[in-house]
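Chemist: This is the structure I have questions about; it appears just below.
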Amino acid sequence: MHGCSSVKKLPDDKQLITKQSIEKNGETISKDPVSLLSLTPANKKVLGIPLRLHLYNLSQEDPYETFDQWLNEKPTREENLSNWLSKKQVNQIRNYKLDFNNWLRKNGEAPSTIDSIKINLTNSRFKQYYNNLGYFNARSTAKTDSIGHRKASVHYNIETGAVFTIDSITHVAGSKDIDSLYRANLENSLIKQGSPFEVERFDAERSRLIDLFRNNGIYNFQQRSIRFKAFKDSLGIDTKIPVTVEIKNAQKRVQDTLKEQPYRIQKINAISVYVENPEQSVSVFTDSIYSDNTQIFSVGKLKYKPKVLTNGIKIKQNAPYSYSERTATYRYFNELQNFKYPSIVYTPSKKDSTLLNAAIFLSPKERFSVGTDFDVSHSNIQDVGISLGTSLISRNIFRGGEILEVGVKGTIGASSDVAEEKNSFFNLFEVGGNIRLRVPRVLAPTWFENLFFTNKEVKTSIALGVSLQENIGLDRRSFTGNIEYNWRSSSTYTFNFKLADIEFVENKAINNYFNVYRNSYDRLNAIAKRLPNNSGYLDENGNLGIPTEANAFIRDVINQETSILDSNENYTRVSNINERKNRLTANNFIVGSSLTFIKNNQESIVDEDFSQLRLKIEVVGNLLNSILKLSDTEEDQYGQRIIFNLAPTQYFKSEVNYIKHWQVGRERIFAFRAFTGIALPYGNSNSIPFTRSYYAGGSNDNRAWQAYKLGPGSSSGINEFNEANFKLALNLEYRYPIIGAFKGAFFIDAGNIWNVNNNVADIRQTLNSYHDLNQLAIGTGFGIRYDFDYFVFRLDTAFKTFDPSLLKAERWGSQVALKKAVFNVGINYPF
């Protein structure tokens, strides 16, 4: 059926290409880049079906004519439609027909047919491709064969011949300055004697020379001034080619004539900055100040500290002009986020043409800007939630280019699970606020700056935040604060150093624990109901009372005051429930520091052949606990130092995240991610706070499990929020185009979380040896994505392919069924 439909619209004299093969020097090639040059590929297929071809075949050559024929098939059809709708609406339907037809053609794929012109052009393309690689005797031929009803295959045979190489290299320069620069940097040349004569090699050498000249004083160097002359044997016998590098003088138009002008090294004479007034169409500069070899002009009194402006100027006075210094100056003022569109203009000095004057024009942004956001949400905690937030941005608040951001957000929600005496619909409440100050320099004592940040362009960020909840979970109150420094050592390497990362978490409604964590309650309730003489713990409905009876039952079991002995399995279960309850209801005081290093060689957002490595080290509690120890602060019953009636957290944390993309075709990408992280408590702690632990599952992790529902280890995700202090995750995804903006993907996710060296005793949840790595859960699936250009909407369907929580005989494949699939909705790609 598919075969018939794929050719039914073909003209009688045409044959559909269903197979294309390419042979090079006697070997068949398939993934070679040369295949992308073919004008006769077979129509693309998805699961063996040419979907885009079928889509195209649904379109019509003349949709207007087709519509008019349908409209006039019956004498009264047009009249009846016009009476029922209107004549204007009938015309609009006609236009819709055209728009839909255009959509079919745009997203479909025209039949690929045998065409002698396209075949000859393809042969020419193949020959030119290998010519560019130095195979000047290359030749390509084609052969077509019929393989069925109106179908054919095309086979290309490429013979490359011997590769031509570079012989002697000479150069001719029209300028003395150009000549001296060329000779001084000859060892860095990318064209070497004996190398293959490749066009890309010469293009790269041209780019190198352009960068060399433009960064060493040649301000107006023109790309067309560089020319490579090759002296190839016209008979193709001698495969060694002498090369001359010719660097001509600049071409300058004088009236109607182009005249040569020798390039000369030009140095920076004077640097000026002009701070404009955005409210004036023509700025009149009435004030000036001289600072750091820079003259600064302003409209009225300068509103910026001169150091803020001069610090970002990488252009050096009395030094040769440098394009890279110009680019770095642009980058600084753009990242400052205080000015609209910085502009740098160079003009020759009137006294000496070898000198350049640099003028930097800055137009300040509005000092204040206000933003608002509004959200309506639904979750397992609230039936409906309404959030309203506002933010204020103040620029240049201390005249140093600083940016102050203040944000406030409030949420009210409704939940039928919250019991109140007052019958109010909205019974949940949360309010939060944050303030952040961004400073474009190091904000620290001089000795600290000299110790850590010498010769680095560092930005400082100071942030404070507060969040208060009521009738949400445990009614958490949290206070956060941090001081961090960011800098870039190159376009590839970036660093983040958090000098102080502080978080204080207080849970006000710990008696609500078993109402929030129902899985823990259900397991505890089941044990209590099976206990003889349990009437003192159960309510009138025969269930464990919350919180008094539940807490009393846990206490009595642990104190051996029930019939459950410590050798009983239920004793271990109750102990684990209590251990988790104590950890999740504990207040936390976290004071630490961290260092993050990122290496990213992605050149732009459209670059899909790159790698990214992120390393992070975090140390928490060392300094604070050392101070408490030296000051002989009191200890609690567990021997932990106490401040603010709680034990400060102490742990070491390390993470490694690696991402690699391989582009294997047009819009076809293999994406890989590997992540591992571990947080080890020590000293004053025997566990990791919930907010700093790891979880598994979710739309950006192992997609066959919902977030927090995988692990730890071989346990069956028995808690609402399953977390641990060690994580390992591996992801591999193949992304490909389907139709138009629709994209597809196949993926494999593997990973899990475990407890390591903390207070969790359940061996199913702990990593006891490397053999436990066989508990890596594996999910497989497919995804459909729609690219809106500015973001990607993603729907992934995943299946539990290997589930370590099941019996060993059932772990592989027993849950691969559509009714057991997990559906994930996400924005943008997961990695």
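Letters for chains follow the order of the structure tokens (A, B, ...), residue numbers begin at 1 for each chain, and ligand numbers begin at 1 in the order shown.
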Pick out the residues sitting within 8 Å of Ser343 in chain A, and hand them over as a ChimeraX atom specification; count only C-alpha atoms, and ignore anything fewer than 5 positions along from it in its own chain.
Modeler: /A:330,360-362
Chemist: From a DSSP calculation on the backbone, collect every residue of range 531-694 of chain A in alpha helix (DSSP H) and output the set as a PyMOL selection string.
Modeler: chain A and resi 548-558+569-585+622-630
Chemist: Quick one: distance from CA of Asn768 in chain A to CA of Gly683 in chain A in Å, one decimal?
Modeler: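 For CA of Asn768 in chain A relative to CA of Gly683 in chain A, the distance reads 21.4 Å.
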Chemist: Using CA of Leu538 in chain A and CA of Val760 in chain A as the two end points, give the distance in Å to one decimal.
Modeler: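 Separating CA of Leu538 in chain A from CA of Val760 in chain A is a distance of 28.4 Å.
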Chemist: Go through A:Ile268, A:Val199, A:Val284, A:Ala328 and flag the residue nearest Ile166 in chain A, using only C-alpha atoms for the distances.
Modeler: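 Distance minimum relative to Ile166 in chain A lands on A:Val199.
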Chemist: May I ask which of the residues A:Leu258, A:Ala745, A:Val822, A:Ala550 is the closest one to Gly779 in chain A, counting only C-alpha atoms?
Modeler: A:Val822
Chemist: Please determine, counting only C-alpha atoms, which residue among A:Lys508, A:Val245, A:Lys808, A:Val408 has the shortest atom-to-atom distance to Arg183 in chain A.
Modeler: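 Checking each of A:Lys508, A:Val245, A:Lys808, A:Val408 against Arg183 in chain A, counting only C-alpha atoms, the winner is A:Val245.
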Chemist: Hey, what's within 8 Å of Glu549 in chain A if we count only C-alpha atoms and toss same-chain stuff fewer than 5 positions away? As a list in words, please?
Modeler: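 These residues fall inside the cut-off: Gly536, Tyr537, Leu538 and Leu544 of chain A.
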Chemist: May I ask for the distance between CA of Leu404 in chain A and CA of Pro445 in chain A, given in Å to one decimal place?
Modeler: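 Computed distance, CA of Leu404 in chain A to CA of Pro445 in chain A, equals 21.2 Å.
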Chemist: Just want the 12 Å neighbourhood of Ile527 in chain A, counted on only C-alpha atoms, with same-chain residues fewer than 4 positions away dropped. Output as a list in words.
Modeler: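 Skipping anything fewer than 4 positions along the chain leaves Ser520, Tyr521, Asp522, Arg523, Leu531, Pro532, Asn534, Tyr537, Leu538, Asn543, Leu544, Ala550, Phe553, Ile554, Val557, Thr562, Ser563, Ile564, Asn568, Glu569, Asn570, Tyr571, Thr572, Arg573, Val574 and Ile577 of chain A.
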Chemist: For the structure I just gave you, how does DSSP split range 207-438 of chain A - specifically, which residues are strand (DSSP E)? Reply as an MDAnalysis selection string.
Modeler: chainID A and resid 226:230 240:247 250:254 257:261 267:275 287:291 294:298 343:348 355:362 368:377 384:395 403:414 428:438
Chemist: Output C-alpha atoms for every residue in that selection, as a CSV table (one decimal), in the first residue's frame.
Modeler:
```csv
chain,number,residue,atom,x,y,z
A,226,ILE,CA,45.3,37.8,0.8
A,227,ARG,CA,45.7,35.6,-2.3
A,228,PHE,CA,47.1,32.1,-2.7
A,229,LYS,CA,48.7,31.2,-6.0
A,230,ALA,CA,49.1,27.6,-6.9
A,240,LYS,CA,53.5,18.5,-6.0
A,241,ILE,CA,52.2,22.0,-6.2
A,242,PRO,CA,54.4,25.1,-5.5
A,243,VAL,CA,52.5,27.9,-3.6
A,244,THR,CA,52.9,31.6,-3.4
A,245,VAL,CA,51.3,33.6,-0.6
A,246,GLU,CA,50.5,37.1,-2.0
A,247,ILE,CA,49.5,39.9,0.4
A,250,ALA,CA,44.9,48.0,0.7
A,251,GLN,CA,42.6,49.2,-2.0
A,252,LYS,CA,41.4,52.8,-1.4
A,253,ARG,CA,38.9,54.6,-3.7
A,254,VAL,CA,39.9,58.1,-4.7
A,257,THR,CA,39.7,55.2,-9.1
A,258,LEU,CA,41.0,52.5,-6.8
A,259,LYS,CA,44.5,53.2,-5.6
A,260,GLU,CA,46.9,51.0,-3.6
A,261,GLN,CA,47.8,52.1,-0.1
A,267,LYS,CA,49.2,52.6,17.4
A,268,ILE,CA,46.6,53.9,19.8
A,269,ASN,CA,47.2,57.6,20.4
A,270,ALA,CA,44.3,58.7,22.7
A,271,ILE,CA,41.3,57.0,24.3
A,272,SER,CA,38.1,58.8,24.9
A,273,VAL,CA,34.8,57.8,26.5
A,274,TYR,CA,31.5,59.7,25.7
A,275,VAL,CA,28.7,59.0,28.2
A,287,ASP,CA,31.8,67.9,31.6
A,288,SER,CA,35.0,65.9,31.3
A,289,ILE,CA,37.5,64.1,33.5
A,290,TYR,CA,40.9,62.4,32.9
A,291,SER,CA,41.5,59.0,34.5
A,294,THR,CA,41.4,58.1,29.3
A,295,GLN,CA,39.5,61.3,28.7
A,296,ILE,CA,35.9,60.8,29.8
A,297,PHE,CA,33.2,63.2,28.5
A,298,SER,CA,29.6,63.4,29.9
A,343,SER,CA,30.0,51.7,20.1
A,344,ILE,CA,33.8,52.0,19.5
A,345,VAL,CA,35.0,54.2,16.7
A,346,TYR,CA,38.7,54.6,15.5
A,347,THR,CA,39.9,57.7,13.6
A,348,PRO,CA,43.4,58.4,12.3
A,355,LEU,CA,48.3,56.9,15.2
A,356,LEU,CA,44.6,56.1,16.0
A,357,ASN,CA,42.2,57.8,18.3
A,358,ALA,CA,39.7,55.5,20.0
A,359,ALA,CA,36.3,56.8,21.0
A,360,ILE,CA,33.9,54.8,23.0
A,361,PHE,CA,30.2,55.9,23.0
A,362,LEU,CA,28.0,54.7,25.9
A,368,PHE,CA,15.0,51.7,37.2
A,369,SER,CA,12.9,48.9,35.7
A,370,VAL,CA,9.9,47.0,37.2
A,371,GLY,CA,8.6,43.6,36.3
A,372,THR,CA,5.7,41.5,37.4
A,373,ASP,CA,4.7,37.8,37.1
A,374,PHE,CA,1.5,35.9,37.7
A,375,ASP,CA,1.0,32.1,37.9
A,376,VAL,CA,-1.8,29.7,38.5
A,377,SER,CA,-0.7,26.2,39.5
A,384,VAL,CA,-5.1,25.4,43.2
A,385,GLY,CA,-2.5,28.1,43.8
A,386,ILE,CA,-2.3,31.7,42.7
A,387,SER,CA,1.1,33.5,42.8
A,388,LEU,CA,1.8,37.2,42.2
A,389,GLY,CA,5.3,38.6,42.2
A,390,THR,CA,7.1,41.8,41.5
A,391,SER,CA,10.7,42.8,41.0
A,392,LEU,CA,12.6,46.1,40.9
A,393,ILE,CA,16.0,46.6,39.2
A,394,SER,CA,18.1,49.6,40.1
A,395,ARG,CA,21.2,50.2,38.0
A,403,ILE,CA,22.8,46.3,39.8
A,404,LEU,CA,20.4,45.9,42.7
A,405,GLU,CA,17.5,43.4,42.2
A,406,VAL,CA,14.7,43.2,44.7
A,407,GLY,CA,11.9,40.7,44.3
A,408,VAL,CA,8.8,39.8,46.3
A,409,LYS,CA,6.4,36.9,45.6
A,410,GLY,CA,3.3,35.8,47.4
A,411,THR,CA,1.2,32.7,46.9
A,412,ILE,CA,-2.2,31.7,48.2
A,413,GLY,CA,-3.6,28.3,47.7
A,414,ALA,CA,-6.5,26.0,48.5
A,428,LEU,CA,-2.4,27.9,52.1
A,429,PHE,CA,0.0,30.8,52.2
A,430,GLU,CA,3.6,31.4,51.2
A,431,VAL,CA,5.6,34.6,50.9
A,432,GLY,CA,9.1,35.1,49.8
A,433,GLY,CA,11.5,37.9,49.1
A,434,ASN,CA,15.1,38.2,47.8
A,435,ILE,CA,17.6,40.9,47.2
A,436,ARG,CA,20.7,40.6,45.1
A,437,LEU,CA,23.5,43.0,44.5
A,438,ARG,CA,25.8,42.4,41.5
```
Chemist: Compile the contact shell of range 322-326 of chain A as a list in words: residues with an atom at most 9 Å away, counting only C-alpha atoms, same-chain residues fewer than 3 positions apart removed.
Modeler: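 Returned residues: Asp211, Phe213, Arg214, Asn215, Asn216, Gly217, Ile218, Tyr219, Ile313, Lys314, Ile315, Lys316, Ala319, Thr329, Tyr330, Arg331 and Ile344 of chain A.
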Chemist: Each residue of range 759-786 of chain A lying at most 9 Å from range 790-805 of chain A should get a row with its shortest atom-to-atom pair and the distance in Å to one decimal, counting only C-alpha atoms; could you produce that, ordered by chain and increasing number, as a Markdown table?
Modeler:
```
| residue | atom | partner | partner_atom | distance |
| --- | --- | --- | --- | --- |
| A:Arg764 | CA | A:Ser805 | CA | 8.9 |
| A:Asn774 | CA | A:Pro804 | CA | 8.0 |
| A:Gln775 | CA | A:Pro804 | CA | 5.1 |
| A:Leu776 | CA | A:Pro804 | CA | 6.9 |
| A:Ala777 | CA | A:Asp803 | CA | 5.4 |
| A:Ile778 | CA | A:Phe802 | CA | 4.8 |
| A:Gly779 | CA | A:Lys800 | CA | 4.8 |
| A:Thr780 | CA | A:Phe799 | CA | 5.5 |
| A:Gly781 | CA | A:Ala798 | CA | 4.2 |
| A:Phe782 | CA | A:Thr797 | CA | 5.5 |
| A:Gly783 | CA | A:Asp796 | CA | 4.1 |
| A:Ile784 | CA | A:Leu795 | CA | 5.4 |
| A:Arg785 | CA | A:Arg794 | CA | 4.4 |
| A:Tyr786 | CA | A:Phe793 | CA | 5.2 |
```
Chemist: Counting only C-alpha atoms, what is within 10 Å of Asp762 in chain A, bar same-chain residues fewer than 4 positions away, as a ChimeraX atom specification?
Modeler: /A:572-573,576,712-713,715,755,766
Chemist: For the selection just defined, write its residues with C-alpha atoms to a file, as a tab-separated table (two decimals), in the first residue's frame.
Modeler:
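Writing done, so here's part-v7.tsv:
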```
chain	number	residue	atom	x	y	z
A	572	THR	CA	13.99	-2.17	62.09
A	573	ARG	CA	11.16	-0.72	60.03
A	576	ASN	CA	14.02	3.53	59.91
A	712	PRO	CA	17.59	4.43	46.83
A	713	GLY	CA	19.32	1.23	45.70
A	715	SER	CA	14.30	-0.31	47.52
A	755	ASN	CA	23.22	6.05	50.85
A	766	THR	CA	22.98	1.63	50.80
```
